[in-house]
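*Asks:* I am attaching a structure below and will ask some questions about it afterwards.
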Amino acid sequence: MSDLITLAFTAFIVENIILTKFLGICPFLGVSKKRSSALGMGLAVLFVILISSMVTWVLYKYVLESLSITYLRTIVFILVIASLVQMVEIFLKKISPALYKALGIYLPLITTNCAVLGVAILNINNNHSFVETVVYASFISLGFIFVMYIFAMIREKLDYSPVPKAFKGTPIALIVAAILAIIFSRFGGII
Amino acid sequence: MEILYAVLVLGGLGFGLGFLILLVDKYFHVEEDPSIDEVVELLPRYNCGACGYPGCKEMAIGLLKKEAKPDQCKPIKQEALAELRKYLDNHFNQNK
């Protein structure tokens with residue numbers, strides 16, 4: 001049990017997917033202008049990461065490994081992720097058209113979000129069991145939501161701050177991201 | 001023999017997931033304005049993004065809302081552009 005808590009904490013803060021592994025930067029910069037869309041994106045990514053890690057783990061352990069065709073790992077994982085994103089898209093269009101519109105092109109881009117494929121492959125590389133996979137995937141994506149939300153809050157404040165003209169918009173956001181990454185890199189010493 | 005496994009696994013997976021998407025699409029189908037599809041048919045459907053929209057479908061929605069102009073589409077052929085203009089004129093006159 002304590003192993004799982006350590007794993008969860010590591011995934012959430014210490015090995016934060018955005019700020020220490022630098023995966024999933026595209027939505028991090030693209031959809032973080034408003035808190036509501038950041039949260040919506042985060043939840044969509046949580047769903048995709050969680051389901052895709054479970055499906056890919058089962059596929060890898062019971063199909064690819066037993067048939068010794070593990071070299072198909074990448075293409076099989078991408079196939080699973082792409083179809084999941086497609087389903088999330090159809091689902092969101094029905095359930096929440098406003099969120100669907102706010103996410104726009106970033107929703108189909110979850111397909112190529114390296115965080116999703118990254119988590120699926122990290123689970124295999126780190127030899128996680130199924131329970132560990134579920135814990136790792138959910139806390140990685142919770143960490144993703146956490147950082148997205150913090151970043152969106154800062155960017156909302158930045159809109160009203162007297163930023164020098166040359167730094168307005170994306171440049172200052174990148175500087176903020178760098179400072180956040182410096183802060184998060186210091187969590188590395190905890191465990 | 002091994003290549004057969006690869007083909008079977010990938011083919012089966014692709015087929016299964018495709019079928020699943022079909023089911024989800026059927027179950028969560030959203031009714032849309034049929035004229036969106038008709039406008040998309042008239043566009044080149046390259047999804048190149050040169051018009052400033054993410055794809056031809058978004059461009060079609062923009063055209064129908066009068067937010068976009070037909071000549072924003074860069075790769076469209078002259079005849080197709082004329083046809084698109086005609087369709088949009090008809091559409092807007094009918095809905096007046």
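Chains: A, B, ... in order of the structure tokens. Residues: from 1 per chain. Ligands: from 1, in order shown.
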Tell me the residues of chain A close to chain B, meaning within 10 Å using only C-alpha atoms, as a count of residues only.
*Replies:* 30
*Asks:* Identify all residues of chain A in alpha helix (DSSP H) (DSSP on the backbone) and supply them as a ChimeraX atom specification.
*Replies:* /A:2-9,25-30,35-59,73-95,97-103,114-125,130-159,170-185
*Asks:* Do a neighbour search on Met1 in chain A at 12 Å with only C-alpha atoms, toss out local chain neighbours closer than 3 positions, and write the hits as a list in words.
*Replies:*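 Non-adjacent residues within range: Leu4, Ile5, Thr6, Leu7, Ala8, Val131, Glu132 and Val135 of chain A.
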*Asks:* Rank A:Ile13, A:Ala152, A:Leu43, A:Leu174 by their smallest atom-to-atom distance to Leu107 in chain A, using only C-alpha atoms, and report the top residue only.
*Replies:*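 Looking at the shortest contact to Leu107 in chain A, the residue is A:Leu43.
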*Asks:* Could you give me, as a VMD selection string, the residues within 7 Å of range 81-92 of chain B, counting only C-alpha atoms and dropping anything in the same chain fewer than 4 positions from it?
*Replies:* chain B and resid 42 70 76 to 77 96
*Asks:* Please produce a file of the residues just selected, as a short mmCIF file (atom, residue, chain, number, x, y, z; two decimals), in the first residue's frame, where the atoms kept are N, CA, C and O atoms.
*Replies:*
data_model
loop_
_atom_site.label_atom_id
_atom_site.label_comp_id
_atom_site.auth_asym_id
_atom_site.auth_seq_id
_atom_site.Cartn_x
_atom_site.Cartn_y
_atom_site.Cartn_z
N LEU B 42 -19.05 21.05 -51.28
CA LEU B 42 -18.62 22.00 -52.31
C LEU B 42 -17.19 22.49 -52.09
O LEU B 42 -16.55 22.98 -53.01
N PRO B 70 -16.31 33.13 -49.17
CA PRO B 70 -15.90 31.97 -49.99
C PRO B 70 -14.46 32.08 -50.50
O PRO B 70 -13.78 31.06 -50.60
N ILE B 76 -9.40 26.16 -53.66
CA ILE B 76 -10.63 25.84 -54.40
C ILE B 76 -10.49 26.25 -55.87
O ILE B 76 -9.84 27.24 -56.20
N LYS B 77 -11.10 25.43 -56.78
CA LYS B 77 -11.04 25.73 -58.21
C LYS B 77 -12.08 26.78 -58.57
O LYS B 77 -13.08 26.91 -57.88
N LYS B 96 -34.43 34.13 -45.89
CA LYS B 96 -34.76 35.52 -45.56
C LYS B 96 -36.18 35.64 -45.04
O LYS B 96 -37.05 34.90 -45.44
#
*Asks:* Write out as a list in words each polymer residue whose atoms come within 10 Å of Thr133 in chain A, counting only C-alpha atoms; drop sequence neighbours fewer than 2 positions from it.
*Replies:*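 Close residues of Thr133 in chain A: Leu7, Leu50, Ser53, Met54, Trp57, Val119, Ala120, Leu122, Asn123, Ile124, Asn126, Asn127, His128, Ser129, Phe130, Val131, Val135, Tyr136, Ala137, Ser138 and Phe139 of chain A.
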*Asks:* Write out as a PyMOL selection string which residues come within 12 Å of Cys73 in chain B when counting only C-alpha atoms, dropping same-chain ones fewer than 5 positions away.
*Replies:* chain B and resi 40+42-53+55-56+58-60+62-63+68+78+80-81+84-85
*Asks:* Write the selection just made, keeping N, CA and C atoms, as a PDB file, in the first residue's frame?
*Replies:*
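Result file follows (result-v4.pdb):
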ATOM      1  N   VAL B  40     -19.765  21.536 -47.144  1.00  0.00           N
ATOM      2  CA  VAL B  40     -18.501  20.792 -47.089  1.00  0.00           C
ATOM      3  C   VAL B  40     -18.267  20.062 -48.406  1.00  0.00           C
ATOM      4  N   LEU B  42     -19.053  21.047 -51.284  1.00  0.00           N
ATOM      5  CA  LEU B  42     -18.622  21.999 -52.312  1.00  0.00           C
ATOM      6  C   LEU B  42     -17.195  22.489 -52.088  1.00  0.00           C
ATOM      7  N   LEU B  43     -16.702  22.369 -50.857  1.00  0.00           N
ATOM      8  CA  LEU B  43     -15.324  22.790 -50.564  1.00  0.00           C
ATOM      9  C   LEU B  43     -14.354  21.690 -51.012  1.00  0.00           C
ATOM     10  N   PRO B  44     -13.042  22.005 -51.128  1.00  0.00           N
ATOM     11  CA  PRO B  44     -12.104  20.988 -51.639  1.00  0.00           C
ATOM     12  C   PRO B  44     -11.886  19.804 -50.687  1.00  0.00           C
ATOM     13  N   ARG B  45     -12.221  19.980 -49.404  1.00  0.00           N
ATOM     14  CA  ARG B  45     -12.050  18.937 -48.380  1.00  0.00           C
ATOM     15  C   ARG B  45     -10.600  18.486 -48.220  1.00  0.00           C
ATOM     16  N   TYR B  46      -9.664  19.439 -48.373  1.00  0.00           N
ATOM     17  CA  TYR B  46      -8.260  19.118 -48.116  1.00  0.00           C
ATOM     18  C   TYR B  46      -7.931  19.297 -46.637  1.00  0.00           C
ATOM     19  N   ASN B  47      -8.799  20.038 -45.906  1.00  0.00           N
ATOM     20  CA  ASN B  47      -8.522  20.410 -44.515  1.00  0.00           C
ATOM     21  C   ASN B  47      -7.150  21.056 -44.376  1.00  0.00           C
ATOM     22  N   CYS B  48      -6.812  21.954 -45.317  1.00  0.00           N
ATOM     23  CA  CYS B  48      -5.470  22.545 -45.319  1.00  0.00           C
ATOM     24  C   CYS B  48      -5.338  23.640 -44.274  1.00  0.00           C
ATOM     25  N   GLY B  49      -6.462  24.290 -43.920  1.00  0.00           N
ATOM     26  CA  GLY B  49      -6.390  25.325 -42.901  1.00  0.00           C
ATOM     27  C   GLY B  49      -5.972  26.677 -43.426  1.00  0.00           C
ATOM     28  N   ALA B  50      -5.829  26.838 -44.751  1.00  0.00           N
ATOM     29  CA  ALA B  50      -5.385  28.116 -45.310  1.00  0.00           C
ATOM     30  C   ALA B  50      -6.405  29.222 -45.088  1.00  0.00           C
ATOM     31  N   CYS B  51      -7.691  28.836 -44.866  1.00  0.00           N
ATOM     32  CA  CYS B  51      -8.736  29.836 -44.666  1.00  0.00           C
ATOM     33  C   CYS B  51      -8.692  30.421 -43.256  1.00  0.00           C
ATOM     34  N   GLY B  52      -7.952  29.806 -42.375  1.00  0.00           N
ATOM     35  CA  GLY B  52      -7.917  30.277 -40.997  1.00  0.00           C
ATOM     36  C   GLY B  52      -8.757  29.433 -40.072  1.00  0.00           C
ATOM     37  N   TYR B  53      -9.544  28.525 -40.635  1.00  0.00           N
ATOM     38  CA  TYR B  53     -10.313  27.593 -39.806  1.00  0.00           C
ATOM     39  C   TYR B  53      -9.544  26.277 -39.704  1.00  0.00           C
ATOM     40  N   GLY B  55     -10.477  23.279 -40.217  1.00  0.00           N
ATOM     41  CA  GLY B  55     -10.775  22.299 -41.259  1.00  0.00           C
ATOM     42  C   GLY B  55     -11.924  22.782 -42.111  1.00  0.00           C
ATOM     43  N   CYS B  56     -12.259  21.991 -43.149  1.00  0.00           N
ATOM     44  CA  CYS B  56     -13.307  22.405 -44.078  1.00  0.00           C
ATOM     45  C   CYS B  56     -14.670  22.480 -43.389  1.00  0.00           C
ATOM     46  N   GLU B  58     -15.343  23.342 -40.252  1.00  0.00           N
ATOM     47  CA  GLU B  58     -15.429  24.581 -39.484  1.00  0.00           C
ATOM     48  C   GLU B  58     -15.623  25.766 -40.423  1.00  0.00           C
ATOM     49  N   MET B  59     -14.925  25.708 -41.580  1.00  0.00           N
ATOM     50  CA  MET B  59     -15.062  26.748 -42.600  1.00  0.00           C
ATOM     51  C   MET B  59     -16.506  26.804 -43.091  1.00  0.00           C
ATOM     52  N   ALA B  60     -17.114  25.628 -43.313  1.00  0.00           N
ATOM     53  CA  ALA B  60     -18.498  25.577 -43.792  1.00  0.00           C
ATOM     54  C   ALA B  60     -19.435  26.211 -42.780  1.00  0.00           C
ATOM     55  N   GLY B  62     -18.607  28.477 -40.632  1.00  0.00           N
ATOM     56  CA  GLY B  62     -18.329  29.906 -40.708  1.00  0.00           C
ATOM     57  C   GLY B  62     -19.029  30.548 -41.900  1.00  0.00           C
ATOM     58  N   LEU B  63     -19.011  29.858 -43.051  1.00  0.00           N
ATOM     59  CA  LEU B  63     -19.664  30.388 -44.255  1.00  0.00           C
ATOM     60  C   LEU B  63     -21.156  30.560 -44.022  1.00  0.00           C
ATOM     61  N   ALA B  68     -17.335  33.901 -42.628  1.00  0.00           N
ATOM     62  CA  ALA B  68     -16.247  33.692 -43.576  1.00  0.00           C
ATOM     63  C   ALA B  68     -16.721  34.054 -44.979  1.00  0.00           C
ATOM     64  N   GLN B  78     -11.858  27.496 -59.667  1.00  0.00           N
ATOM     65  CA  GLN B  78     -12.735  28.604 -60.050  1.00  0.00           C
ATOM     66  C   GLN B  78     -14.191  28.158 -60.191  1.00  0.00           C
ATOM     67  N   ALA B  80     -15.678  25.555 -58.958  1.00  0.00           N
ATOM     68  CA  ALA B  80     -16.239  25.157 -57.668  1.00  0.00           C
ATOM     69  C   ALA B  80     -16.578  26.380 -56.835  1.00  0.00           C
ATOM     70  N   LEU B  81     -15.733  27.409 -56.944  1.00  0.00           N
ATOM     71  CA  LEU B  81     -15.972  28.639 -56.187  1.00  0.00           C
ATOM     72  C   LEU B  81     -17.282  29.288 -56.639  1.00  0.00           C
ATOM     73  N   LEU B  84     -20.108  27.328 -55.264  1.00  0.00           N
ATOM     74  CA  LEU B  84     -20.244  27.575 -53.819  1.00  0.00           C
ATOM     75  C   LEU B  84     -20.961  28.900 -53.585  1.00  0.00           C
ATOM     76  N   ARG B  85     -20.558  29.936 -54.358  1.00  0.00           N
ATOM     77  CA  ARG B  85     -21.203  31.258 -54.228  1.00  0.00           C
ATOM     78  C   ARG B  85     -22.699  31.130 -54.521  1.00  0.00           C
TER      79      ARG B  85
END
*Asks:* Can you measure CA of Gln94 in chain B to CA of Glu67 in chain B for me? One decimal in Å is fine.
*Replies:*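 A separation of 18.4 Å between them.
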*Asks:* Would you mind listing what lies within 9 Å of Ile78 in chain A as an MDAnalysis selection string, with only C-alpha atoms counted and same-chain residues fewer than 6 positions away left out?
*Replies:* chainID A and resid 111:112 117
*Asks:* Counting only C-alpha atoms, which of A:Met41, A:Ile190, A:Ala178, A:Ile18 gets nearest to Leu99 in chain A?
*Replies:*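 The answer is A:Met41, which sits nearest to Leu99 in chain A.
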